[in-house]
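Participant: Before I ask anything, here is the structure I am working with.
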Amino acid sequence: MFLLFAFCKLSAQQYVDPEYIKVTNERASKIVEKLALNNKEKENAVSNIIAQQFRDLSKIQDTRDTEIKKVKDDTTLAKEKQKEKTDKLKANADKSIDKLHKAYLKKLATQLNEAKITEVKDGMTYGVLPITVTAYNDMIPTLNEAQKKYIYNALVEAREHAMDGGSSKEKHAWFGKYKGRINNYLSKEGYDLTKEREGWNKRIAEKEKNKKKE
């Protein structure tokens, strides 16, 4: 699954390369296939929007990374100056990505309702949000509604960032960051996460044991 997004960085001229376009089109089609739209015209329209988003994101990120490498390779620049320039390049790229993100969601909204857009978001991020929500609920059955809401909202925020990640590693890093926040929150709420995890693992092992007996 991770291999879907683990393709090599491409130079600017490669963004119009037929093979690269084919790769992004295939990635988009796999996401759209799961939407079950049952409308070929709409499927094509949504696939094109998603594929173009992949290409636009890569172009911004690759341009940023190329410029940052140039700065770091410039031995005439002091470390402080290098940091200043790289920070500015990152900030400018982040602004461009944020603008692109908003425009992308508006384009999707011309073809899909909110529920289907959510499915696209999960498709772009390996379904980590629903998987993680289920995991927390299974691990800590005593979560109250306010705690469940906090976990869900934190993961929704993580997903918005992860959608714009340039690799599987970057996407998972966003969820990892927010899971850290969730764990800190739950600790403050009085949960011993080590014990909760141990109890969860025991329950899973017990279920597997019972399945083998059946």
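The chains in the structure tokens are called A, B, ... from first to last as shown; in each chain the residues are counted from 1, and the ligands are counted from 1 in the order shown.
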Please provide the set of residues having any atom within 9 Å of range 42-50 of chain A, restricted to only C-alpha atoms, with same-chain residues fewer than 2 positions apart removed, written as number ranges by chain.
Facilitator: A: 24-33, 35-40, 52-55, 104, 107-108, 111-112, 120
Participant: What is the CA of Lys34 in chain A to CA of Ile204 in chain A distance in Å?
Facilitator: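 Interatomic distance, CA of Lys34 in chain A to CA of Ile204 in chain A: 28.8 Å.
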Participant: To test your reading of the structure, identify every residue in range 19-186 of chain A that backbone DSSP assigns to alpha helix (DSSP H), and report it as a ChimeraX atom specification.
Facilitator: /A:19-33,40-73,79-109,114-124,128-139,145-162,168-186
Participant: Quick one: residues within 9 Å of Val71 in chain A, only C-alpha atoms counted, chain neighbours fewer than 2 positions away excluded, as JSON, numbers by chain?
Facilitator: {"A": [66, 67, 68, 69, 73, 74, 75, 77, 82, 83, 85, 86]}
Participant: CA of Arg159 in chain A and CA of Ile182 in chain A are how many Å apart?
Facilitator: 14.1 Å
Participant: Using only C-alpha atoms, find each residue in range 156-203 of chain A having at least one atom no more than 7 Å away from range 134-150 of chain A; report its shortest atom-to-atom pair and that distance in Å (one decimal), rows by chain then rising number, as CSV.
Facilitator:
residue,atom,partner,partner_atom,distance
A:Glu196,CA,A:Met139,CA,6.2
A:Arg197,CA,A:Met139,CA,6.1
A:Trp200,CA,A:Met139,CA,5.0
Participant: Export N, CA and C atoms of the chosen residues as a PDB file, in the first residue's frame?
Facilitator:
ATOM      1  N   GLU A 196      -3.443   0.290  29.327  1.00  0.00           N
ATOM      2  CA  GLU A 196      -4.550   0.161  28.376  1.00  0.00           C
ATOM      3  C   GLU A 196      -4.115  -0.662  27.162  1.00  0.00           C
ATOM      4  N   ARG A 197      -2.889  -0.416  26.714  1.00  0.00           N
ATOM      5  CA  ARG A 197      -2.373  -1.128  25.547  1.00  0.00           C
ATOM      6  C   ARG A 197      -2.141  -2.605  25.872  1.00  0.00           C
ATOM      7  N   TRP A 200      -5.451  -4.313  25.972  1.00  0.00           N
ATOM      8  CA  TRP A 200      -5.945  -4.443  24.588  1.00  0.00           C
ATOM      9  C   TRP A 200      -5.288  -5.628  23.895  1.00  0.00           C
TER      10      TRP A 200
END
Participant: Would you kindly return, as number ranges by chain, each protein, DNA or RNA residue with an atom no farther than 12 Å from any atom of Asp94 in chain A, considering only C-alpha atoms and excluding same-chain residues fewer than 2 positions away?
Facilitator: A: 57, 60-61, 64, 87-92, 96-101, 161, 164-165
Participant: Kindly save the residues from that selection, with N, CA and C atoms included, as a PDB file, in the first residue's frame.
Facilitator:
ATOM      1  N   LEU A  57       1.029  19.241  -6.329  1.00  0.00           N
ATOM      2  CA  LEU A  57       1.720  19.139  -5.039  1.00  0.00           C
ATOM      3  C   LEU A  57       3.188  18.787  -5.241  1.00  0.00           C
ATOM      4  N   ILE A  60       5.328  21.764  -6.496  1.00  0.00           N
ATOM      5  CA  ILE A  60       5.668  22.732  -5.437  1.00  0.00           C
ATOM      6  C   ILE A  60       6.753  22.159  -4.532  1.00  0.00           C
ATOM      7  N   GLN A  61       6.561  20.921  -4.103  1.00  0.00           N
ATOM      8  CA  GLN A  61       7.503  20.306  -3.163  1.00  0.00           C
ATOM      9  C   GLN A  61       8.865  20.045  -3.778  1.00  0.00           C
ATOM     10  N   ARG A  64      10.675  23.354  -4.191  1.00  0.00           N
ATOM     11  CA  ARG A  64      11.169  23.751  -2.862  1.00  0.00           C
ATOM     12  C   ARG A  64      12.431  22.984  -2.495  1.00  0.00           C
ATOM     13  N   ASP A  87      14.341  28.517   5.507  1.00  0.00           N
ATOM     14  CA  ASP A  87      13.086  28.752   6.237  1.00  0.00           C
ATOM     15  C   ASP A  87      12.099  29.539   5.373  1.00  0.00           C
ATOM     16  N   LYS A  88      12.636  30.498   4.625  1.00  0.00           N
ATOM     17  CA  LYS A  88      11.784  31.305   3.745  1.00  0.00           C
ATOM     18  C   LYS A  88      11.234  30.446   2.604  1.00  0.00           C
ATOM     19  N   LEU A  89      12.073  29.584   2.051  1.00  0.00           N
ATOM     20  CA  LEU A  89      11.629  28.696   0.966  1.00  0.00           C
ATOM     21  C   LEU A  89      10.530  27.753   1.456  1.00  0.00           C
ATOM     22  N   LYS A  90      10.700  27.234   2.663  1.00  0.00           N
ATOM     23  CA  LYS A  90       9.698  26.339   3.244  1.00  0.00           C
ATOM     24  C   LYS A  90       8.385  27.075   3.501  1.00  0.00           C
ATOM     25  N   ALA A  91       8.503  28.287   4.031  1.00  0.00           N
ATOM     26  CA  ALA A  91       7.312  29.083   4.333  1.00  0.00           C
ATOM     27  C   ALA A  91       6.543  29.432   3.060  1.00  0.00           C
ATOM     28  N   ASN A  92       7.268  29.808   2.017  1.00  0.00           N
ATOM     29  CA  ASN A  92       6.619  30.147   0.740  1.00  0.00           C
ATOM     30  C   ASN A  92       5.934  28.917   0.131  1.00  0.00           C
ATOM     31  N   SER A  96       1.881  28.203  -0.678  1.00  0.00           N
ATOM     32  CA  SER A  96       1.401  27.721  -1.979  1.00  0.00           C
ATOM     33  C   SER A  96       0.591  26.439  -1.822  1.00  0.00           C
ATOM     34  N   ILE A  97       1.057  25.549  -0.951  1.00  0.00           N
ATOM     35  CA  ILE A  97       0.365  24.280  -0.709  1.00  0.00           C
ATOM     36  C   ILE A  97      -0.984  24.518  -0.040  1.00  0.00           C
ATOM     37  N   ASP A  98      -1.016  25.440   0.896  1.00  0.00           N
ATOM     38  CA  ASP A  98      -2.276  25.769   1.578  1.00  0.00           C
ATOM     39  C   ASP A  98      -3.307  26.319   0.596  1.00  0.00           C
ATOM     40  N   LYS A  99      -2.847  27.189  -0.288  1.00  0.00           N
ATOM     41  CA  LYS A  99      -3.727  27.758  -1.315  1.00  0.00           C
ATOM     42  C   LYS A  99      -4.227  26.667  -2.257  1.00  0.00           C
ATOM     43  N   LEU A 100      -3.320  25.774  -2.652  1.00  0.00           N
ATOM     44  CA  LEU A 100      -3.665  24.668  -3.537  1.00  0.00           C
ATOM     45  C   LEU A 100      -4.668  23.728  -2.863  1.00  0.00           C
ATOM     46  N   HIS A 101      -4.469  23.466  -1.592  1.00  0.00           N
ATOM     47  CA  HIS A 101      -5.348  22.588  -0.808  1.00  0.00           C
ATOM     48  C   HIS A 101      -6.790  23.099  -0.828  1.00  0.00           C
ATOM     49  N   HIS A 161      -3.481  17.814   6.914  1.00  0.00           N
ATOM     50  CA  HIS A 161      -2.056  18.025   6.653  1.00  0.00           C
ATOM     51  C   HIS A 161      -1.479  16.865   5.842  1.00  0.00           C
ATOM     52  N   ASP A 164      -1.481  16.540   2.015  1.00  0.00           N
ATOM     53  CA  ASP A 164      -0.512  17.320   1.241  1.00  0.00           C
ATOM     54  C   ASP A 164       0.908  16.778   1.370  1.00  0.00           C
ATOM     55  N   GLY A 165       1.056  15.665   2.081  1.00  0.00           N
ATOM     56  CA  GLY A 165       2.387  15.083   2.252  1.00  0.00           C
ATOM     57  C   GLY A 165       2.935  14.580   0.928  1.00  0.00           C
TER      58      GLY A 165
END
Participant: Pick out the closest residue to Val156 in chain A from this set: A:Asn113, A:Ser58, A:Ser187, A:Thr118. Count only C-alpha atoms.
Facilitator: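 Using only C-alpha atoms, the shortest distance to Val156 in chain A belongs to A:Thr118.
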